[in-house]
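The data block below is start26.cif; it holds mmCIF, C-alpha atoms.
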```
data_query
#
loop_
_atom_site.label_atom_id
_atom_site.label_comp_id
_atom_site.auth_asym_id
_atom_site.auth_seq_id
_atom_site.Cartn_x
_atom_site.Cartn_y
_atom_site.Cartn_z
CA MET K 11 0.00 0.00 0.00
CA SER K 12 1.61 3.22 -1.14
CA TYR K 13 -0.99 5.60 0.25
CA LYS K 14 0.14 7.73 3.19
CA PHE K 15 -2.52 8.69 5.67
CA ASP K 16 -2.45 12.31 6.69
CA PHE K 17 -5.03 13.43 9.22
CA GLY K 18 -2.91 16.47 10.09
CA VAL K 19 -4.25 18.51 7.17
CA LEU K 20 -7.68 18.48 8.86
CA LEU K 21 -6.42 19.96 12.11
CA PRO K 22 -6.75 23.67 11.16
CA TYR K 23 -10.38 23.03 10.15
CA TRP K 24 -11.67 21.83 13.50
CA PRO K 25 -13.75 24.99 14.22
CA GLN K 26 -15.52 24.43 10.90
CA LEU K 27 -16.18 20.76 11.72
CA LEU K 28 -17.45 21.64 15.20
CA HIS K 29 -19.78 24.24 13.71
CA ALA K 30 -21.00 21.61 11.22
CA CYS K 31 -21.72 19.19 14.09
CA LEU K 32 -23.79 21.84 15.83
CA LEU K 33 -25.74 22.55 12.63
CA THR K 34 -26.42 18.82 12.23
CA LEU K 35 -27.64 18.59 15.83
CA TRP K 36 -29.77 21.71 15.43
CA LEU K 37 -31.39 20.39 12.25
CA ALA K 38 -32.09 16.99 13.81
CA ALA K 39 -33.48 18.49 17.04
CA THR K 40 -35.82 21.01 15.40
CA ALA K 41 -37.04 18.46 12.86
CA VAL K 42 -37.69 15.80 15.50
CA ILE K 43 -39.66 18.23 17.69
CA CYS K 44 -41.64 19.49 14.71
CA GLY K 45 -42.09 15.88 13.54
CA PHE K 46 -43.41 14.90 16.97
CA ILE K 47 -46.08 17.63 16.74
CA ILE K 48 -46.97 16.52 13.20
CA GLY K 49 -47.09 12.95 14.50
CA ILE K 50 -49.56 13.86 17.28
CA ILE K 51 -51.80 15.71 14.80
CA THR K 52 -51.65 12.72 12.45
CA VAL K 53 -52.61 10.29 15.21
CA VAL K 54 -55.55 12.51 16.23
CA ALA K 55 -56.60 12.64 12.56
CA ARG K 56 -56.33 8.85 12.26
CA ARG K 57 -58.63 8.40 15.25
CA SER K 58 -61.13 11.05 14.16
CA GLY K 59 -64.69 10.30 13.13
CA LEU K 60 -64.25 11.96 9.75
CA MET K 61 -63.44 9.49 7.01
CA PHE K 62 -61.46 11.93 4.83
CA LEU K 63 -59.22 13.00 7.72
CA ARG K 64 -58.41 9.36 8.41
CA ALA K 65 -57.69 8.79 4.73
CA ILE K 66 -55.38 11.82 4.51
CA ALA K 67 -53.45 10.77 7.61
CA LEU K 68 -53.05 7.20 6.39
CA THR K 69 -51.95 8.30 2.89
CA TYR K 70 -49.38 10.68 4.37
CA ILE K 71 -47.92 7.98 6.64
CA GLU K 72 -47.73 5.32 3.92
CA ILE K 73 -46.24 7.61 1.27
CA ILE K 74 -43.49 8.90 3.57
CA ARG K 75 -42.68 5.48 5.01
CA ASN K 76 -42.45 3.73 1.67
CA THR K 77 -40.33 6.18 -0.31
CA PRO K 78 -36.66 7.06 0.24
CA PHE K 79 -35.80 10.25 2.10
CA LEU K 80 -33.55 11.31 -0.78
CA VAL K 81 -36.49 11.35 -3.20
CA GLN K 82 -38.59 13.29 -0.67
CA VAL K 83 -35.84 15.91 -0.35
CA PHE K 84 -35.44 16.16 -4.13
CA PHE K 85 -39.20 16.41 -4.60
CA ILE K 86 -39.45 19.31 -2.15
CA PHE K 87 -36.28 21.13 -3.16
CA PHE K 88 -36.26 20.63 -6.95
CA GLY K 89 -39.88 19.66 -7.68
CA LEU K 90 -42.00 22.15 -5.78
CA PRO K 91 -40.31 25.30 -7.21
CA THR K 92 -41.75 24.39 -10.64
CA VAL K 93 -45.21 25.00 -9.20
CA GLY K 94 -44.08 28.21 -7.56
CA ILE K 95 -43.15 27.02 -4.07
CA SER K 96 -39.43 27.41 -3.49
CA PHE K 97 -37.26 27.06 -0.43
CA THR K 98 -33.69 27.69 0.62
CA PRO K 99 -31.71 24.43 0.97
CA TRP K 100 -31.90 24.67 4.75
CA THR K 101 -35.69 25.21 4.84
CA ALA K 102 -36.23 22.38 2.36
CA ALA K 103 -34.03 20.10 4.48
CA PHE K 104 -35.89 21.06 7.65
CA LEU K 105 -39.28 20.59 5.99
CA ALA K 106 -38.40 17.22 4.45
CA LEU K 107 -36.91 15.89 7.69
CA SER K 108 -39.88 17.14 9.75
CA LEU K 109 -42.38 15.51 7.41
CA ASN K 110 -40.31 12.32 7.45
CA CYS K 111 -40.07 12.25 11.26
CA GLY K 112 -43.77 13.11 11.46
CA ALA K 113 -44.84 9.94 9.68
CA PHE K 114 -42.53 7.68 11.69
CA SER K 115 -43.46 9.43 14.96
CA ALA K 116 -47.14 8.95 14.11
CA GLU K 117 -46.62 5.19 13.93
CA ILE K 118 -44.64 5.19 17.19
CA ILE K 119 -47.27 7.32 18.97
CA ARG K 120 -50.08 5.15 17.62
CA GLY K 121 -48.34 2.12 19.10
CA GLY K 122 -48.24 3.88 22.49
CA VAL K 123 -51.89 4.94 22.31
CA ASP K 124 -52.94 1.40 21.34
CA ALA K 125 -51.12 0.13 24.43
CA ILE K 126 -53.54 1.99 26.72
CA PRO K 127 -56.61 -0.04 27.73
CA ARG K 128 -59.87 1.24 26.21
CA GLY K 129 -61.56 1.31 29.60
CA GLN K 130 -59.30 4.21 30.52
CA PHE K 131 -60.72 6.46 27.75
CA GLU K 132 -64.23 5.51 28.75
CA ALA K 133 -63.48 6.25 32.41
CA GLY K 134 -62.16 9.67 31.37
CA ALA K 135 -65.28 10.40 29.35
CA ALA K 136 -67.46 9.21 32.24
CA LEU K 137 -65.68 11.68 34.55
CA GLY K 138 -66.82 14.47 32.25
CA LEU K 139 -63.45 15.26 30.67
CA LYS K 140 -63.55 16.88 27.24
CA PRO K 141 -62.01 14.85 24.36
CA LEU K 142 -58.89 17.04 24.36
CA GLN K 143 -58.46 16.61 28.11
CA VAL K 144 -58.88 12.86 27.75
CA PHE K 145 -56.20 12.94 25.07
CA ARG K 146 -53.79 15.01 27.12
CA TYR K 147 -54.08 13.41 30.56
CA ILE K 148 -55.21 9.88 29.88
CA ILE K 149 -53.64 9.05 26.54
CA LEU K 150 -50.57 11.23 26.03
CA LYS K 151 -48.88 10.96 29.45
CA PRO K 152 -48.91 7.18 29.93
CA ALA K 153 -48.32 6.67 26.22
CA LEU K 154 -45.22 8.86 26.40
CA ARG K 155 -43.68 6.42 28.84
CA VAL K 156 -44.34 3.47 26.53
CA ILE K 157 -42.99 5.20 23.43
CA TYR K 158 -40.04 7.02 24.98
CA PRO K 159 -37.38 4.48 23.91
CA ALA K 160 -38.61 4.44 20.30
CA LEU K 161 -38.96 8.21 20.24
CA SER K 162 -35.43 8.84 21.49
CA GLY K 163 -34.23 6.31 18.91
CA GLN K 164 -36.02 8.49 16.38
CA PHE K 165 -33.72 11.40 17.28
CA VAL K 166 -30.60 9.34 16.70
CA LEU K 167 -32.02 8.11 13.38
CA ALA K 168 -32.82 11.71 12.37
CA LEU K 169 -29.26 12.68 13.31
CA LEU K 170 -27.93 10.07 10.87
CA THR K 171 -30.51 10.92 8.22
CA THR K 172 -29.44 14.59 8.14
CA SER K 173 -26.34 13.49 6.20
CA ILE K 174 -28.60 12.99 3.16
CA VAL K 175 -29.53 16.68 2.95
CA SER K 176 -25.94 17.36 1.88
CA SER K 177 -27.22 16.34 -1.57
CA ILE K 178 -29.11 19.65 -1.84
CA SER K 179 -26.08 21.43 -0.33
CA ALA K 180 -27.78 22.32 2.94
CA GLU K 181 -24.93 23.16 5.31
CA GLU K 182 -24.24 20.40 7.84
CA LEU K 183 -21.57 17.85 8.68
CA THR K 184 -21.57 15.82 5.46
CA SER K 185 -21.66 18.83 3.14
CA THR K 186 -18.86 20.44 5.17
CA ALA K 187 -16.87 17.23 4.73
CA GLN K 188 -17.52 17.35 0.98
CA LEU K 189 -16.40 20.98 0.89
CA LEU K 190 -13.17 20.14 2.73
CA ASP K 191 -12.70 17.21 0.37
CA SER K 192 -12.77 19.49 -2.66
CA ASP K 193 -10.18 21.76 -1.02
CA LEU K 194 -7.81 19.15 0.38
CA PHE K 195 -8.26 16.05 -1.84
CA ARG K 196 -8.04 13.80 1.21
CA SER K 197 -11.39 12.04 0.76
CA PHE K 198 -10.70 8.97 2.84
CA GLU K 199 -9.32 10.80 5.89
CA ILE K 200 -12.07 13.41 5.80
CA TYR K 201 -14.86 10.86 5.61
CA ILE K 202 -13.29 8.77 8.37
CA VAL K 203 -13.27 11.86 10.60
CA ALA K 204 -16.85 12.78 9.63
CA THR K 205 -18.01 9.21 10.27
CA LEU K 206 -16.36 9.19 13.69
CA LEU K 207 -17.99 12.53 14.53
CA TYR K 208 -21.41 11.10 13.63
CA PHE K 209 -20.62 8.01 15.67
CA ALA K 210 -19.60 10.14 18.66
CA LEU K 211 -22.76 12.25 18.42
CA SER K 212 -25.10 9.27 18.15
CA THR K 213 -23.34 7.40 20.97
CA ILE K 214 -23.40 10.42 23.30
CA PHE K 215 -27.08 11.04 22.67
CA SER K 216 -28.10 7.39 23.04
CA PHE K 217 -26.31 7.47 26.38
CA ILE K 218 -28.03 10.69 27.52
CA PHE K 219 -31.46 9.38 26.50
CA LYS K 220 -30.90 6.14 28.40
CA GLY K 221 -30.04 8.20 31.47
CA ILE K 222 -33.20 10.29 31.14
CA ASP K 223 -35.23 7.10 30.75
CA ARG K 224 -33.78 5.72 33.96
CA VAL K 225 -34.46 8.91 35.91
CA PHE K 226 -37.93 9.89 34.71
CA PHE K 227 -39.67 6.77 33.47
CA SER K 228 -38.55 4.11 35.91
CA TYR K 229 -41.50 4.39 38.34
CA PRO K 230 -43.44 1.15 38.78
CA ILE K 231 -46.77 0.83 36.93
CA LYS K 232 -48.51 -1.99 38.68
CA MET G 20 -31.88 21.15 -25.15
CA ILE G 21 -34.99 20.62 -23.10
CA ARG G 22 -36.72 17.34 -23.88
CA ASP G 23 -40.38 16.54 -23.47
CA PHE G 24 -41.43 14.16 -20.77
CA GLY G 25 -42.42 11.22 -22.95
CA LEU G 26 -42.39 7.46 -23.02
CA LEU G 27 -38.59 7.41 -23.32
CA GLU G 28 -38.26 9.30 -20.02
CA VAL G 29 -40.64 6.94 -18.26
CA LEU G 30 -38.66 3.99 -19.63
CA THR G 31 -35.38 5.55 -18.42
CA ILE G 32 -36.77 5.76 -14.91
CA LEU G 33 -38.19 2.24 -15.19
CA GLN G 34 -34.75 1.01 -16.23
CA GLY G 35 -33.41 2.59 -13.05
CA MET G 36 -35.98 0.67 -11.06
CA TRP G 37 -34.57 -2.64 -12.32
CA THR G 38 -31.09 -1.57 -11.25
CA THR G 39 -32.47 -0.64 -7.83
CA LEU G 40 -34.11 -4.06 -7.54
CA ALA G 41 -30.95 -5.87 -8.67
CA LEU G 42 -28.84 -3.89 -6.20
CA SER G 43 -31.31 -4.60 -3.39
CA VAL G 44 -31.29 -8.34 -4.13
CA VAL G 45 -27.47 -8.48 -4.22
CA ALA G 46 -27.20 -6.48 -0.98
CA PHE G 47 -29.84 -8.63 0.70
CA ILE G 48 -28.20 -11.91 -0.29
CA GLY G 49 -24.72 -10.65 0.64
CA GLY G 50 -26.00 -9.03 3.83
CA GLY G 51 -27.98 -12.16 4.68
CA THR G 52 -24.96 -14.41 4.31
CA PHE G 53 -22.69 -12.23 6.44
CA GLY G 54 -25.60 -11.34 8.71
CA THR G 55 -25.98 -15.03 9.61
CA LEU G 56 -22.33 -15.10 10.64
CA VAL G 57 -22.76 -11.86 12.60
CA ALA G 58 -25.81 -13.26 14.41
CA LEU G 59 -24.00 -16.51 15.25
CA ALA G 60 -20.91 -14.62 16.43
CA ARG G 61 -23.10 -12.32 18.51
CA THR G 62 -24.62 -15.31 20.31
CA SER G 63 -21.45 -17.41 20.46
CA PRO G 64 -20.08 -18.85 23.72
CA TRP G 65 -16.89 -16.74 23.48
CA LYS G 66 -17.05 -13.34 25.11
CA TRP G 67 -14.41 -11.63 22.93
CA LEU G 68 -16.30 -12.61 19.79
CA ARG G 69 -19.58 -11.27 21.19
CA VAL G 70 -17.95 -7.97 22.17
CA ALA G 71 -16.27 -7.60 18.78
CA THR G 72 -19.52 -8.21 16.90
CA ALA G 73 -21.42 -5.86 19.20
CA ALA G 74 -18.91 -3.12 18.28
CA TYR G 75 -19.33 -3.94 14.59
CA ILE G 76 -23.12 -3.65 14.87
CA ASP G 77 -22.89 -0.45 16.95
CA PHE G 78 -20.67 1.15 14.35
CA PHE G 79 -23.12 0.51 11.52
CA GLN G 80 -26.14 1.51 13.56
CA GLY G 81 -24.45 4.66 14.84
CA THR G 82 -23.16 6.15 11.59
CA PRO G 83 -25.05 7.40 8.53
CA MET G 84 -25.42 4.92 5.68
CA LEU G 85 -24.18 7.62 3.29
CA MET G 86 -20.89 7.84 5.22
CA GLN G 87 -20.54 4.05 5.10
CA LEU G 88 -20.92 4.16 1.32
CA PHE G 89 -18.44 7.05 1.06
CA LEU G 90 -15.89 5.16 3.15
CA VAL G 91 -16.11 2.08 0.92
CA TYR G 92 -16.16 4.13 -2.28
CA TYR G 93 -13.15 6.29 -1.37
CA GLY G 94 -11.48 3.70 0.85
CA LEU G 95 -11.19 0.73 -1.53
CA PRO G 96 -8.89 2.57 -3.99
CA VAL G 97 -6.67 3.59 -1.06
CA PHE G 98 -6.08 -0.08 -0.28
CA GLY G 99 -5.34 -0.79 -3.92
CA PHE G 100 -8.74 -2.09 -5.02
CA HIS G 101 -9.97 -0.19 -8.05
CA VAL G 102 -13.55 -1.32 -8.44
CA SER G 103 -16.58 -0.02 -10.32
CA ALA G 104 -19.27 2.05 -8.60
CA TRP G 105 -21.51 -1.05 -8.81
CA THR G 106 -19.08 -3.17 -6.80
CA ALA G 107 -18.35 -0.42 -4.28
CA VAL G 108 -22.04 0.21 -3.64
CA ALA G 109 -22.79 -3.52 -3.42
CA ILE G 110 -19.98 -4.01 -0.89
CA GLY G 111 -21.06 -0.99 1.17
CA LEU G 112 -24.69 -2.13 1.28
CA THR G 113 -23.64 -5.68 2.11
CA PHE G 114 -21.69 -4.48 5.16
CA HIS G 115 -24.59 -2.29 6.22
CA ALA G 116 -27.18 -5.04 5.78
CA SER G 117 -25.02 -7.64 7.55
CA ALA G 118 -24.91 -5.52 10.71
CA PHE G 119 -28.64 -4.81 10.78
CA LEU G 120 -29.73 -8.33 9.80
CA GLY G 121 -27.23 -9.77 12.28
CA GLU G 122 -28.81 -7.72 15.06
CA ILE G 123 -32.36 -8.69 14.02
CA TRP G 124 -31.45 -12.40 13.88
CA ARG G 125 -29.57 -12.22 17.17
CA GLY G 126 -32.89 -11.10 18.68
CA GLY G 127 -34.60 -14.06 17.02
CA ILE G 128 -32.00 -16.55 18.26
CA GLN G 129 -32.16 -15.21 21.82
CA ALA G 130 -35.97 -15.27 21.80
CA VAL G 131 -35.92 -19.05 21.39
CA PRO G 132 -36.27 -20.40 24.94
CA LYS G 133 -32.94 -21.46 26.45
CA GLY G 134 -34.37 -24.83 27.46
CA GLN G 135 -34.54 -25.76 23.77
CA SER G 136 -30.81 -25.60 23.20
CA GLU G 137 -30.14 -27.14 26.61
CA ALA G 138 -32.42 -30.04 25.72
CA ALA G 139 -30.64 -30.39 22.37
CA SER G 140 -27.26 -30.47 24.15
CA ALA G 141 -28.60 -33.06 26.56
CA LEU G 142 -29.60 -35.19 23.58
CA GLY G 143 -26.01 -35.05 22.42
CA LEU G 144 -26.42 -32.64 19.51
CA GLY G 145 -23.31 -30.62 18.70
CA TYR G 146 -23.29 -26.87 18.03
CA ILE G 147 -23.98 -27.16 14.30
CA ASP G 148 -26.84 -29.67 14.62
CA ARG G 149 -28.28 -27.73 17.54
CA MET G 150 -28.32 -24.49 15.58
CA ARG G 151 -29.45 -25.98 12.27
CA ASP G 152 -32.17 -28.32 13.50
CA VAL G 153 -33.43 -26.73 16.70
CA VAL G 154 -32.67 -23.05 17.23
CA LEU G 155 -32.49 -21.46 13.75
CA PRO G 156 -35.79 -22.82 12.35
CA GLN G 157 -37.63 -21.21 15.26
CA ALA G 158 -35.50 -18.06 15.18
CA ILE G 159 -36.23 -17.57 11.47
CA LYS G 160 -39.95 -17.70 12.11
CA LEU G 161 -39.67 -15.12 14.91
CA SER G 162 -37.55 -12.69 12.96
CA PHE G 163 -39.40 -12.97 9.65
CA ALA G 164 -41.43 -9.75 10.06
CA PRO G 165 -38.54 -7.46 11.08
CA THR G 166 -36.42 -8.96 8.29
CA VAL G 167 -39.00 -7.99 5.66
CA GLY G 168 -39.25 -4.59 7.39
CA PHE G 169 -35.50 -4.16 7.05
CA LEU G 170 -35.72 -5.09 3.37
CA VAL G 171 -37.90 -1.99 2.88
CA GLN G 172 -35.22 0.09 4.64
CA LEU G 173 -32.55 -1.44 2.43
CA ILE G 174 -34.44 -0.74 -0.81
CA LYS G 175 -34.95 2.86 0.28
CA GLY G 176 -31.28 2.98 1.28
CA THR G 177 -30.10 1.98 -2.20
CA SER G 178 -31.20 5.47 -3.28
CA LEU G 179 -28.08 6.83 -1.56
CA ALA G 180 -26.00 5.16 -4.26
CA ALA G 181 -27.28 7.99 -6.47
CA ILE G 182 -25.18 10.46 -4.46
CA ILE G 183 -21.94 8.74 -5.45
CA GLY G 184 -23.12 8.74 -9.05
CA PHE G 185 -24.40 5.19 -9.45
CA VAL G 186 -27.33 5.16 -11.88
CA GLU G 187 -30.33 3.53 -10.20
CA LEU G 188 -33.90 4.69 -9.71
CA SER G 189 -33.17 7.99 -7.94
CA ARG G 190 -30.24 8.89 -10.15
CA SER G 191 -32.17 8.15 -13.36
CA ALA G 192 -34.98 10.38 -12.06
CA GLN G 193 -32.34 13.05 -11.45
CA ILE G 194 -31.07 12.68 -15.01
CA VAL G 195 -34.58 12.85 -16.46
CA ALA G 196 -35.37 15.85 -14.24
CA SER G 197 -32.41 17.78 -15.59
CA THR G 198 -32.99 16.91 -19.26
CA THR G 199 -36.73 17.59 -19.28
CA TYR G 200 -36.77 20.29 -16.61
CA LYS G 201 -39.80 18.62 -15.05
CA PRO G 202 -38.45 17.60 -11.63
CA LEU G 203 -41.90 17.41 -10.09
CA ILE G 204 -43.00 14.62 -12.45
CA ALA G 205 -39.60 12.89 -12.50
CA TYR G 206 -39.24 12.66 -8.72
CA GLY G 207 -42.96 12.02 -8.30
CA LEU G 208 -42.68 9.07 -10.66
CA ALA G 209 -39.54 7.76 -8.93
CA GLY G 210 -41.37 8.04 -5.61
CA ALA G 211 -44.31 6.14 -7.06
CA PHE G 212 -42.01 3.33 -8.26
CA TYR G 213 -40.36 3.06 -4.83
CA PHE G 214 -43.81 3.04 -3.29
CA ALA G 215 -44.92 0.25 -5.64
CA ILE G 216 -42.01 -1.90 -4.43
CA CYS G 217 -42.00 -0.97 -0.74
CA PHE G 218 -45.69 -0.73 0.10
CA PRO G 219 -46.50 -4.43 -0.52
CA LEU G 220 -43.40 -5.39 1.48
CA SER G 221 -44.45 -3.14 4.37
CA ARG G 222 -47.90 -4.72 4.36
CA ALA G 223 -46.35 -8.19 4.22
CA SER G 224 -44.14 -7.30 7.20
CA ALA G 225 -47.17 -6.12 9.20
CA TYR G 226 -49.01 -9.32 8.24
CA PHE G 227 -46.15 -11.59 9.33
CA GLU G 228 -45.85 -9.64 12.56
CA ARG G 229 -49.49 -10.39 13.44
CA ARG G 230 -49.16 -13.98 12.27
CA PHE G 231 -45.88 -15.01 13.90
CA SER G 232 -45.22 -12.74 16.85
CA LEU G 233 -47.57 -14.16 19.48
CA LYS G 234 -47.04 -17.87 19.01
CA THR G 235 -43.68 -19.21 20.02
#
```
How does the structure come out when it is put into structure tokens?
Amino acid sequence: MSYKFDFGVLLPYWPQLLHACLLTLWLAATAVICGFIIGIITVVARRSGLMFLRAIALTYIEIIRNTPFLVQVFFIFFGLPTVGISFTPWTAAFLALSLNCGAFSAEIIRGGVDAIPRGQFEAGAALGLKPLQVFRYIILKPALRVIYPALSGQFVLALLTTSIVSSISAEELTSTAQLLDSDLFRSFEIYIVATLLYFALSTIFSFIFKGIDRVFFSYPIK
Amino acid sequence: MIRDFGLLEVLTILQGMWTTLALSVVAFIGGGTFGTLVALARTSPWKWLRVATAAYIDFFQGTPMLMQLFLVYYGLPVFGFHVSAWTAVAIGLTFHASAFLGEIWRGGIQAVPKGQSEAASALGLGYIDRMRDVVLPQAIKLSFAPTVGFLVQLIKGTSLAAIIGFVELSRSAQIVASTTYKPLIAYGLAGAFYFAICFPLSRASAYFERRFSLKT
């Protein structure tokens, strides 16, 4: 092997890489939070009495879950401008990731809601709570405990998925790595460093989420 | 020159769909083969082997698939292997799939009650017979649904090959979008093709989950 590894060339660029990590985290966090809200709305729509609301929610979930994120990003960033709706790369990335997380969150939340015994809703209604109150106190809170592990996994997945938005040159870790690559011609080293940064981020956050789970959700249920 | 969006464009995208399917099948077979080894190593009696495989799985589950493809694509030439984009993508996806399938099948193997393999040992079956005739047939049944679910992930994941320039479904849609200047239709159509492949698989996965998950 004649290739000489040289990670030293990357050293002066660490502030740029750190900034890129923060952008990646910011994008993942905002999109997951927004996706969670979309997910709740979708679940409410799926349980509503109106047939067309249920159909819209189901169509949204199935379309997002059965097409690649890359195509969704391209559709929003390159496709929608032809009908007069255009975004900056960052907004398109945020929108695509939020919609993506929304559909997956909806399925996770639905699983949590299904885990709550029906009698509990009926008891809530019998106590004179309004449907929204039933949803908030009787469905959402206990369901949150059930779905917490999957939901925190969703954040780590979103963190890894953000790398795909580099393809519309939204600024984050992967696109920064590509930019450095075109300056330094050290592809392999740069992508090793970027990969390790992603690995560090996902490991740290998995660890933090496990800690939160142990502190807040470890009370006994029965 | 801007082309019209005609039959030729639809056929170009359809051609890409076949490449996507071929790539998915290759990655699934390769990933399945190595995934079996990963699952067996992950449940082996030797601690060092279990720890090593756990690290392997963690790495692939904790890094973006795009980065894994980049590392293979830019890394192979560094080690003196000059391969086509096809081979690089197939190798990258195989590694990726082997880690995920290995983890799914580890779950399946460990869900088979311990008494089963103890009984098999007591009957004098060696490791290979025990695995082949007792544990794996039950484990396969248990992990059927998540395996089909992962197949959907893998097919969607092949779209990332487009970013390193490999012409499959997404990339051919990209090409058509830039020659016809009708990205909305091109990407819409590509999405529809992915949906046509993935939706039945998702439904099948949900069906198998209902069918196999409760009975052990």
### Query
Mind telling me what the PyMOL selection byres ((chain K) within 9 of (chain G)) catches here, as a VMD selection string?
chain K and resid 11 to 13 72 to 73 75 to 82 84 to 86 88 to 93 166 to 167 169 to 174 177 184 197 to 199 201 to 202 204 to 213
Return as a PDB file with C-alpha atoms, keeping the file's coordinate frame the set of residues that the PyMOL selection byres ((chain K and resi 102-114) around 6) yields on the displayed structure.
```pdb
ATOM      1  CA  ALA K  41     -37.040  18.460  12.860  1.00  0.00           C
ATOM      2  CA  CYS K  44     -41.640  19.490  14.710  1.00  0.00           C
ATOM      3  CA  GLY K  45     -42.090  15.880  13.540  1.00  0.00           C
ATOM      4  CA  PHE K  46     -43.410  14.900  16.970  1.00  0.00           C
ATOM      5  CA  ILE K  48     -46.970  16.520  13.200  1.00  0.00           C
ATOM      6  CA  GLY K  49     -47.090  12.950  14.500  1.00  0.00           C
ATOM      7  CA  ILE K  71     -47.920   7.980   6.640  1.00  0.00           C
ATOM      8  CA  VAL K  83     -35.840  15.910  -0.350  1.00  0.00           C
ATOM      9  CA  PHE K  87     -36.280  21.130  -3.160  1.00  0.00           C
ATOM     10  CA  PHE K  97     -37.260  27.060  -0.430  1.00  0.00           C
ATOM     11  CA  PRO K  99     -31.710  24.430   0.970  1.00  0.00           C
ATOM     12  CA  TRP K 100     -31.900  24.670   4.750  1.00  0.00           C
ATOM     13  CA  THR K 101     -35.690  25.210   4.840  1.00  0.00           C
ATOM     14  CA  SER K 115     -43.460   9.430  14.960  1.00  0.00           C
ATOM     15  CA  ALA K 116     -47.140   8.950  14.110  1.00  0.00           C
ATOM     16  CA  GLU K 117     -46.620   5.190  13.930  1.00  0.00           C
ATOM     17  CA  VAL K 175     -29.530  16.680   2.950  1.00  0.00           C
TER      18      VAL K 175
END
```
### Query
Using only C-alpha atoms, which of K:Gln188, K:Arg57, K:Leu183, K:Pro25 sits nearest Leu37 (chain K)?
K:Leu183
#### Entry: CA of Ala38 (chain K) to CA of Gly18 (chain K), distance in Å rounded to a single decimal
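Value for the CA of Ala38 (chain K)-CA of Gly18 (chain K) distance: 29.4 Å.
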### Query
Hey, can you check how far CA of Leu21 (chain K) sits from CA of Ser192 (chain K)?
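Taking CA of Leu21 (chain K) as the start and CA of Ser192 (chain K) as the end point, the length is 16.1 Å.
Polymer residues near (-34.4, 20.2, -25.5): counting only C-alpha atoms with a cut-off of 8 Å, they are Met20, Ile21, Arg22, Asp23, Thr198 and Thr199 of chain G.
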### Summary
note - CA of Ala139 (chain G) and CA of Thr52 (chain G) are separated by 24.8 Å
### Message
Between G:Leu144, G:Ile48, G:Ile194, G:Ala158, which residue has the minimum interatomic distance to Ala130 (chain G), considering all atoms listed in the file?
### Response
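Among G:Leu144, G:Ile48, G:Ile194, G:Ala158, it is G:Ala158 that comes nearest to Ala130 (chain G).
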### Residue contacts of His29 (chain K) (12 Å, all atoms listed in the file) excluding same-chain residues fewer than 3 positions away, as a ChimeraX atom specification
/K:23-26,32-36,181-184,186-187,207
### Task
Would you kindly return, as an MDAnalysis selection string, each protein, DNA or RNA residue with an atom no farther than 10 Å from any atom of region 160-169 of chain G, considering all atoms listed in the file and excluding same-chain residues fewer than 5 positions away?
chainID G and resid 47 51 116 119:120 123:128 130:131 155 174:175 217 220:235
Would you translate the PyMOL selection byres ((chain K and resi 136-152) around 12) into the concrete set of residues it matches in this file, as a PDB file with C-alpha atoms, in the frame of the given file?
```pdb
ATOM      1  CA  ILE K  50     -49.560  13.860  17.280  1.00  0.00           C
ATOM      2  CA  ILE K  51     -51.800  15.710  14.800  1.00  0.00           C
ATOM      3  CA  VAL K  53     -52.610  10.290  15.210  1.00  0.00           C
ATOM      4  CA  VAL K  54     -55.550  12.510  16.230  1.00  0.00           C
ATOM      5  CA  ARG K  57     -58.630   8.400  15.250  1.00  0.00           C
ATOM      6  CA  SER K  58     -61.130  11.050  14.160  1.00  0.00           C
ATOM      7  CA  ILE K 119     -47.270   7.320  18.970  1.00  0.00           C
ATOM      8  CA  ARG K 120     -50.080   5.150  17.620  1.00  0.00           C
ATOM      9  CA  GLY K 121     -48.340   2.120  19.100  1.00  0.00           C
ATOM     10  CA  GLY K 122     -48.240   3.880  22.490  1.00  0.00           C
ATOM     11  CA  VAL K 123     -51.890   4.940  22.310  1.00  0.00           C
ATOM     12  CA  ASP K 124     -52.940   1.400  21.340  1.00  0.00           C
ATOM     13  CA  ALA K 125     -51.120   0.130  24.430  1.00  0.00           C
ATOM     14  CA  ILE K 126     -53.540   1.990  26.720  1.00  0.00           C
ATOM     15  CA  PRO K 127     -56.610  -0.040  27.730  1.00  0.00           C
ATOM     16  CA  ARG K 128     -59.870   1.240  26.210  1.00  0.00           C
ATOM     17  CA  GLY K 129     -61.560   1.310  29.600  1.00  0.00           C
ATOM     18  CA  GLN K 130     -59.300   4.210  30.520  1.00  0.00           C
ATOM     19  CA  PHE K 131     -60.720   6.460  27.750  1.00  0.00           C
ATOM     20  CA  GLU K 132     -64.230   5.510  28.750  1.00  0.00           C
ATOM     21  CA  ALA K 133     -63.480   6.250  32.410  1.00  0.00           C
ATOM     22  CA  GLY K 134     -62.160   9.670  31.370  1.00  0.00           C
ATOM     23  CA  ALA K 135     -65.280  10.400  29.350  1.00  0.00           C
ATOM     24  CA  ALA K 153     -48.320   6.670  26.220  1.00  0.00           C
ATOM     25  CA  LEU K 154     -45.220   8.860  26.400  1.00  0.00           C
ATOM     26  CA  ARG K 155     -43.680   6.420  28.840  1.00  0.00           C
ATOM     27  CA  VAL K 156     -44.340   3.470  26.530  1.00  0.00           C
ATOM     28  CA  ILE K 157     -42.990   5.200  23.430  1.00  0.00           C
ATOM     29  CA  TYR K 158     -40.040   7.020  24.980  1.00  0.00           C
ATOM     30  CA  PHE K 227     -39.670   6.770  33.470  1.00  0.00           C
ATOM     31  CA  TYR K 229     -41.500   4.390  38.340  1.00  0.00           C
ATOM     32  CA  ILE K 231     -46.770   0.830  36.930  1.00  0.00           C
TER      33      ILE K 231
END
```
